[in-house]
Structures are given as C-alpha cells and as structure tokens.
Amino acid sequence: MPIYEYTCLVCGETFSHFWPSIKAAVAGSAPVCPICASPQTQRVISQVAVLGGLGGLTPGEQAAAKAQEERLAKITPQEQIDKLRAGKRRV
Ligand SMILES: [Zn+2]
C-alpha cells in the first residue's frame with residue numbers, strides 16, 4: 001500500500017495519505033487537507049522518488065501523475081468540499 005506525503009498549500013500542514021495501490025494513487029486526485037479541508041494539496045515529490053526506487057512510478061509516470069493531480073486539484077468537486085465542511089460543523 002503506497003503512502004504518499006502531501007503538503008497543504010493553504011495552511012502548510014504536511015500529512016500522509018494511504019492509497020490502496022500505485023494505480024489508485026496515479027488515477028486519484030490529491031486528498032484534501034485534514035486540517036483546513038482545502039483541496040490545494042501537493043504531493044511531496046521526494047517521497048514518490050523513494051517509492052519509485054522500489055518499483056513504483058517511473059519519472060514519466062510521476063510527471064504525468066503530478067500534472068493530473070494539479071488538474072484535478074483545480075476541479076475538486078464542490079460537493080466534496082461542502083460535505084467535508086458540513087461534517088466539521090456537525091462535529
Ligand atoms: Zn490545510
């Protein structure tokens with residue numbers, strides 16, 4: 001199970017996210033920040049490089065995954081953000 005580290009571009013929080021597989025990590029959008037629920041998170045690339053050395057992503061796949069994440073981060077469903085914010089209000 002790949003574990004990627006992300007940094008929140010809004011509040012600066014660094015957190016780890018567990019993916020069920022490398023494929024899911026590549027296909028999935030960046031996780032939202034657990035602190036401020038911002039979708040503006042960025043994978044810490046050094047962590048990917050370590051996993052890549054273990055037979056994970058090739059540099060080309062890393063670049064593609066990063067580009068896709070950046071694209072998806074801009075189109076994170078508003079519904080998902082609202083759900084997270086609503087959840088915080090209830091708690
Ligand atoms: Zn944050």
# chains A, B, ... in the order shown; residues from 1 in each chain; ligands from 1

call {"tool": "residues_near_ligand", "arguments": {"ligand": "ligand 1", "cutoff": "7 Å", "atoms": "only C-alpha atoms and all ligand atoms", "output": "VMD selection string"}}
result
chain A and resid 8 to 13 33 to 38

call {"tool": "select_by_dssp", "arguments": {"residues": "chain A", "states": "helix (DSSP H, G or I)", "output": "PyMOL selection string"}}
result
chain A and resi 22-27+45-53+59-74+78-90

call {"tool": "write_last_selection", "arguments": {"atoms": "C-alpha atoms", "output": "tab-separated table (two decimals), in the first residue's frame"}}
result
chain	number	residue	atom	x	y	z
A	22	ILE	CA	0.02	2.65	-7.03
A	23	LYS	CA	-2.62	2.71	-9.74
A	24	ALA	CA	-5.12	4.40	-7.42
A	25	ALA	CA	-2.51	6.93	-6.40
A	26	VAL	CA	-1.88	7.83	-10.04
A	27	ALA	CA	-5.57	7.91	-11.00
A	45	ILE	CA	7.87	14.56	-4.62
A	46	SER	CA	10.84	13.19	-2.69
A	47	GLN	CA	8.50	10.60	-1.18
A	48	VAL	CA	7.47	9.47	-4.67
A	49	ALA	CA	11.08	9.14	-5.70
A	50	VAL	CA	11.68	6.70	-2.83
A	51	LEU	CA	8.67	4.63	-3.84
A	52	GLY	CA	9.77	4.82	-7.48
A	53	GLY	CA	13.04	3.23	-6.48
A	59	PRO	CA	9.83	9.53	-13.81
A	60	GLY	CA	7.45	9.87	-16.75
A	61	GLU	CA	4.57	8.45	-14.72
A	62	GLN	CA	5.45	10.74	-11.82
A	63	ALA	CA	5.30	13.76	-14.12
A	64	ALA	CA	2.00	12.58	-15.59
A	65	ALA	CA	0.55	11.90	-12.15
A	66	LYS	CA	1.66	15.30	-10.90
A	67	ALA	CA	0.15	17.06	-13.90
A	68	GLN	CA	-3.10	15.15	-13.42
A	69	GLU	CA	-3.18	15.97	-9.72
A	70	GLU	CA	-2.70	19.64	-10.43
A	71	ARG	CA	-5.50	19.50	-12.97
A	72	LEU	CA	-7.81	17.58	-10.63
A	73	ALA	CA	-6.99	19.86	-7.71
A	74	LYS	CA	-8.49	22.71	-9.68
A	78	GLN	CA	-17.60	21.49	-4.75
A	79	GLU	CA	-19.90	18.80	-3.38
A	80	GLN	CA	-16.94	17.06	-1.75
A	81	ILE	CA	-15.73	20.28	-0.18
A	82	ASP	CA	-19.22	21.11	1.08
A	83	LYS	CA	-19.56	17.63	2.55
A	84	LEU	CA	-16.31	17.99	4.46
A	85	ARG	CA	-17.25	21.41	5.75
A	86	ALA	CA	-20.73	20.21	6.71
A	87	GLY	CA	-19.15	17.28	8.58
A	88	LYS	CA	-16.96	19.64	10.54
A	89	ARG	CA	-19.93	21.77	11.51
A	90	ARG	CA	-21.85	18.75	12.82

call {"tool": "select_by_dssp", "arguments": {"residues": "chain A", "states": "strand (DSSP E or B)", "output": "PyMOL selection string"}}
result
chain A and resi 3-8+14-18+41-43

call {"tool": "write_last_selection", "arguments": {"atoms": "C-alpha atoms", "output": "compact mmCIF listing (two decimals), in the first residue's frame"}}
result
# COMPACT_ATOMS: atom_id res chain seq x y z
CA ILE A 3 1.88 6.03 1.33
CA TYR A 4 2.39 9.45 -0.15
CA GLU A 5 3.15 12.59 1.74
CA TYR A 6 1.32 15.78 0.87
CA THR A 7 1.71 19.41 1.82
CA CYS A 8 -1.26 21.75 2.10
CA THR A 14 2.06 18.07 5.94
CA PHE A 15 0.19 14.78 6.06
CA SER A 16 0.39 11.25 4.74
CA HIS A 17 -2.27 9.66 2.58
CA PHE A 18 -2.70 5.91 2.10
CA THR A 41 -2.54 19.97 -1.59
CA GLN A 42 0.63 18.94 -3.34
CA ARG A 43 2.43 15.65 -3.17
